[in-house]
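Let me begin by presenting the structure, written as structure tokens, before commenting on it.
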Amino acid sequence: MPRRSFPLQGRMRWLFLGLILLLVLFLFAYLLECTPPADVSLVLPGLGGESYGKEYYQALLQEQEEHHLNRAASLKRQIAQLKLELQQMSEKLKVLQDRKEGLGVQGLAETMDQVPGDLLEFLHSQIDKAEVNTGARLPSEYALVPFESFNSGKVYQLEMGLTRHPEEKPVRKDRRDELVEVIEAALDVINNPDEEDGQEDDVPMQRQAYTESHFTEGLYRTERDKGTLYELFFAKEDSDNFRHITLFRPFGPLMKVRSTSVETSGVIINIIVPLAGRTDAFSQFLHNFREVCIKHDREVHLTVVYFGQEGLQEVKSYLEKMSREESFSNYTLIPVDEEFSRGRGLDIGARAWKKGDVLMFFCDVDIYFTLDYLNTCLLHTAPNSQERYWILERFWLWNDVSVSLGLP
């Protein structure tokens with residue numbers, strides 16, 4: 001029986017092979033029957049069913065070529081018109097720049113008065129779009145454009161991150177020229193006040209001319225689709241009164257936004273320090289606190305939120321000793337019998353203040369601050385509208401780089 005099965009399997013294989021060949025022949029015949037004649041695609045039926053000749057296709061190609069030539073000529077005319085408008089705008093800006101260089105920084109307002117109406121309207125529209133007068137709601141902190149700070153010789157930038165020192169010194173020539181121009185323009189605004197600035201009743205001492213030596217610090221940031229905003233501060237020696245000048249460059253000439261006076265006297269700074277142990281570090285902190293705050297007669301209040309019992313009496317003795325030696329009683333020690341939490345300590349210290357409006361400085365025992373930094377905090381904060389954030393450079397090394405955030 002097994003031997004008889006082999007011929008049967010061979011017949012079945014030949015049968016399947018024959019069926020497959022028959023199916024292939026059937027498909028081939030079907031394709032031949034359904035395929036149109038080769039010359040059908042070359043003959044286009046006309047209205048009467050007749051084919052077009054060579055002249056028709058030449059006329060069709062010529063018509064398409066004329067259409068493309070007309071389109072190209074139209075685009076060239078538009079490009080030429082845009083180039084002409086760009087050249088006219090560039091000439092206007094060049095004339096304004098030449099006038100400004102001829103007059104020096106004097107005449108910033110006169111230059112803006114001579115700007116053509118349409119250009120002036122565009123520049124003011126850029127100011128309205130930028131976050132100059134009011135802030136904008138942002139989806140998250142990543143959408144924030146931070147300010148970079150500068151003084152007469154240094155620029156502190158955030159783009160370096162934590163990989164390099166944020167202090168740029170010496171400043172690049174192009175940036176130095178830009179900032180020098182801004183400082184000179186701000187001096188012109190201060191020394192030649194408009195009636196709207198409200199300085200006509202100032203006493204003669206306050207009307208003395210400001211110079212570059214009175215420039216304390218400035219901030220700037222660039223919004224790529226609007227322009228660059230500059231905030232500059234000037235002060236006379238041993239004065240608590242600062243001049244605040246806001247300028248804006250909407251990818252054109254500098255424009256004055258406002259000029260105001262900032263009085264920092266009478267504002268209390270509440271320095272809140274969460275602490276647990278670290279008594280030696282706290283002793284060094286108090287030494288700096290004496291030099292900066294007490295001996296310069298700063299209106300400050302020190303709030304220490306101490307976690308735990310170990311070291312509490314030592315911290316208390318340090319505060320009492322400072323109070324006796326310096327006749328300083330503006331401090332509060334708040335013991336908390338909990339595990340140390342910096343956020344919890346700052347919250348407790350903030351809620352403990354019950355004496356009206358105050359500027360709160362959330363600090364740390366390792367932070368070394370200066371008198372200039374306290375002035376910076378006073379200048380760049382406003383109740384319910386503006387805060388100042390400090391940034392620590394790697395491993396708790398303090399660097400006076402901060403972000404000023406304008407809230408709506």
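The chains in the structure tokens are called A, B, ... from first to last as shown; in each chain the residues are counted from 1, and the ligands are counted from 1 in the order shown.
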
For the structure I just gave you, how does DSSP split segment 159-324 of chain A - specifically, which residues are strand (DSSP E)? Reply as a compact mmCIF listing (two decimals) with C-alpha atoms, in the first residue's frame.
```txt
# COMPACT_ATOMS: atom_id res chain seq x y z
CA GLU A 167 29.55 87.58 34.25
CA GLU A 168 30.69 88.81 30.85
CA PHE A 215 24.34 105.12 36.87
CA THR A 216 23.81 102.25 39.32
CA GLU A 217 22.45 99.37 37.26
CA GLY A 218 20.22 98.44 34.39
CA LEU A 219 18.17 95.60 32.98
CA TYR A 220 17.34 94.65 29.43
CA ARG A 221 15.65 91.87 27.52
CA THR A 222 14.84 91.31 23.86
CA GLU A 223 11.59 89.89 22.55
CA GLY A 227 12.20 94.77 20.31
CA THR A 228 14.42 95.43 23.32
CA LEU A 229 13.26 96.89 26.63
CA TYR A 230 15.73 98.76 28.87
CA GLU A 231 15.24 99.66 32.54
CA LEU A 232 17.94 101.98 33.96
CA PHE A 233 18.44 103.40 37.45
CA PHE A 234 20.45 106.47 38.50
CA ALA A 235 21.11 107.86 41.97
CA ASN A 241 15.98 108.63 45.71
CA PHE A 242 16.52 106.85 42.39
CA ARG A 243 15.65 107.93 38.87
CA HIS A 244 14.04 105.11 36.88
CA ILE A 245 14.18 105.45 33.09
CA THR A 246 12.40 103.03 30.77
CA LEU A 247 13.46 102.96 27.11
CA PHE A 248 12.36 100.73 24.27
CA ARG A 249 14.03 99.98 20.96
CA MET A 255 12.05 105.61 22.38
CA LYS A 256 11.37 106.94 25.85
CA VAL A 257 8.56 105.10 27.60
CA ARG A 258 8.59 106.81 31.00
CA SER A 259 10.75 108.54 33.57
CA THR A 260 9.86 108.16 37.22
CA SER A 261 11.32 108.75 40.66
CA VAL A 262 11.70 105.81 43.06
CA GLU A 263 11.93 106.50 46.79
CA ILE A 269 12.84 94.51 54.28
CA ASN A 270 11.95 91.39 56.24
CA ILE A 271 14.82 88.91 55.84
CA ILE A 272 13.44 85.42 56.57
CA VAL A 273 15.99 82.67 57.30
CA PRO A 274 14.94 79.02 57.94
CA LEU A 275 17.55 77.28 60.12
CA VAL A 300 15.30 95.76 57.99
CA HIS A 301 13.76 93.09 60.15
CA LEU A 302 15.36 89.68 60.68
CA THR A 303 13.09 86.65 61.11
CA VAL A 304 14.77 83.36 62.06
CA VAL A 305 12.60 80.21 61.92
CA TYR A 306 14.51 77.56 63.89
CA PHE A 307 13.64 73.86 63.60
```

Rank A:Glu325, A:Glu63, A:Glu338, A:Glu299 by their smallest atom-to-atom distance to Asp240 of chain A, using only C-alpha atoms, and report the top residue only.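 Result for the nearest residue to Asp240 of chain A: A:Glu299.
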
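For the choices A:Tyr156, A:Tyr210, A:Phe150, A:Tyr142, the atom-to-atom distance to Val180 of chain A is smallest for A:Phe150 when using only C-alpha atoms.
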
Within 8 Å of Val267 of chain A, counting only C-alpha atoms, which residues qualify if same-chain residues fewer than 6 places away don't, as a list in words?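 Here the qualifying residues turn out to be Glu299, Val358, Leu359 and Leu378 of chain A.
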
All heavy atoms of the current selection, written as an mmCIF file, in the first residue's frame:
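The resulting file, selection28.cif, is shown below:
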```cif
data_model
loop_
_atom_site.group_PDB
_atom_site.id
_atom_site.type_symbol
_atom_site.label_atom_id
_atom_site.label_comp_id
_atom_site.auth_asym_id
_atom_site.auth_seq_id
_atom_site.Cartn_x
_atom_site.Cartn_y
_atom_site.Cartn_z
ATOM 1 N N GLU A 299 16.538 99.843 57.037
ATOM 2 C CA GLU A 299 15.273 99.518 57.677
ATOM 3 C C GLU A 299 14.949 98.054 57.366
ATOM 4 O O GLU A 299 14.271 97.750 56.381
ATOM 5 C CB GLU A 299 14.177 100.448 57.173
ATOM 6 C CG GLU A 299 14.447 101.911 57.523
ATOM 7 C CD GLU A 299 13.349 102.829 57.041
ATOM 8 O OE1 GLU A 299 13.419 103.254 55.883
ATOM 9 O OE2 GLU A 299 12.422 103.113 57.822
ATOM 10 N N VAL A 358 5.369 94.998 53.681
ATOM 11 C CA VAL A 358 6.785 94.749 53.888
ATOM 12 C C VAL A 358 7.329 94.025 52.654
ATOM 13 O O VAL A 358 6.592 93.318 51.964
ATOM 14 C CB VAL A 358 7.019 93.898 55.159
ATOM 15 C CG1 VAL A 358 6.474 92.496 54.972
ATOM 16 C CG2 VAL A 358 8.489 93.866 55.546
ATOM 17 N N LEU A 359 8.600 94.238 52.388
ATOM 18 C CA LEU A 359 9.284 93.514 51.323
ATOM 19 C C LEU A 359 9.977 92.304 51.943
ATOM 20 O O LEU A 359 10.861 92.453 52.785
ATOM 21 C CB LEU A 359 10.313 94.411 50.628
ATOM 22 C CG LEU A 359 11.198 93.731 49.581
ATOM 23 C CD1 LEU A 359 10.368 93.141 48.457
ATOM 24 C CD2 LEU A 359 12.217 94.719 49.034
ATOM 25 N N LEU A 378 14.904 96.482 46.321
ATOM 26 C CA LEU A 378 13.935 97.577 46.488
ATOM 27 C C LEU A 378 13.522 98.170 45.143
ATOM 28 O O LEU A 378 12.366 98.546 44.943
ATOM 29 C CB LEU A 378 14.534 98.664 47.383
ATOM 30 C CG LEU A 378 14.741 98.298 48.857
ATOM 31 C CD1 LEU A 378 15.554 99.382 49.551
ATOM 32 C CD2 LEU A 378 13.401 98.130 49.556
#
```
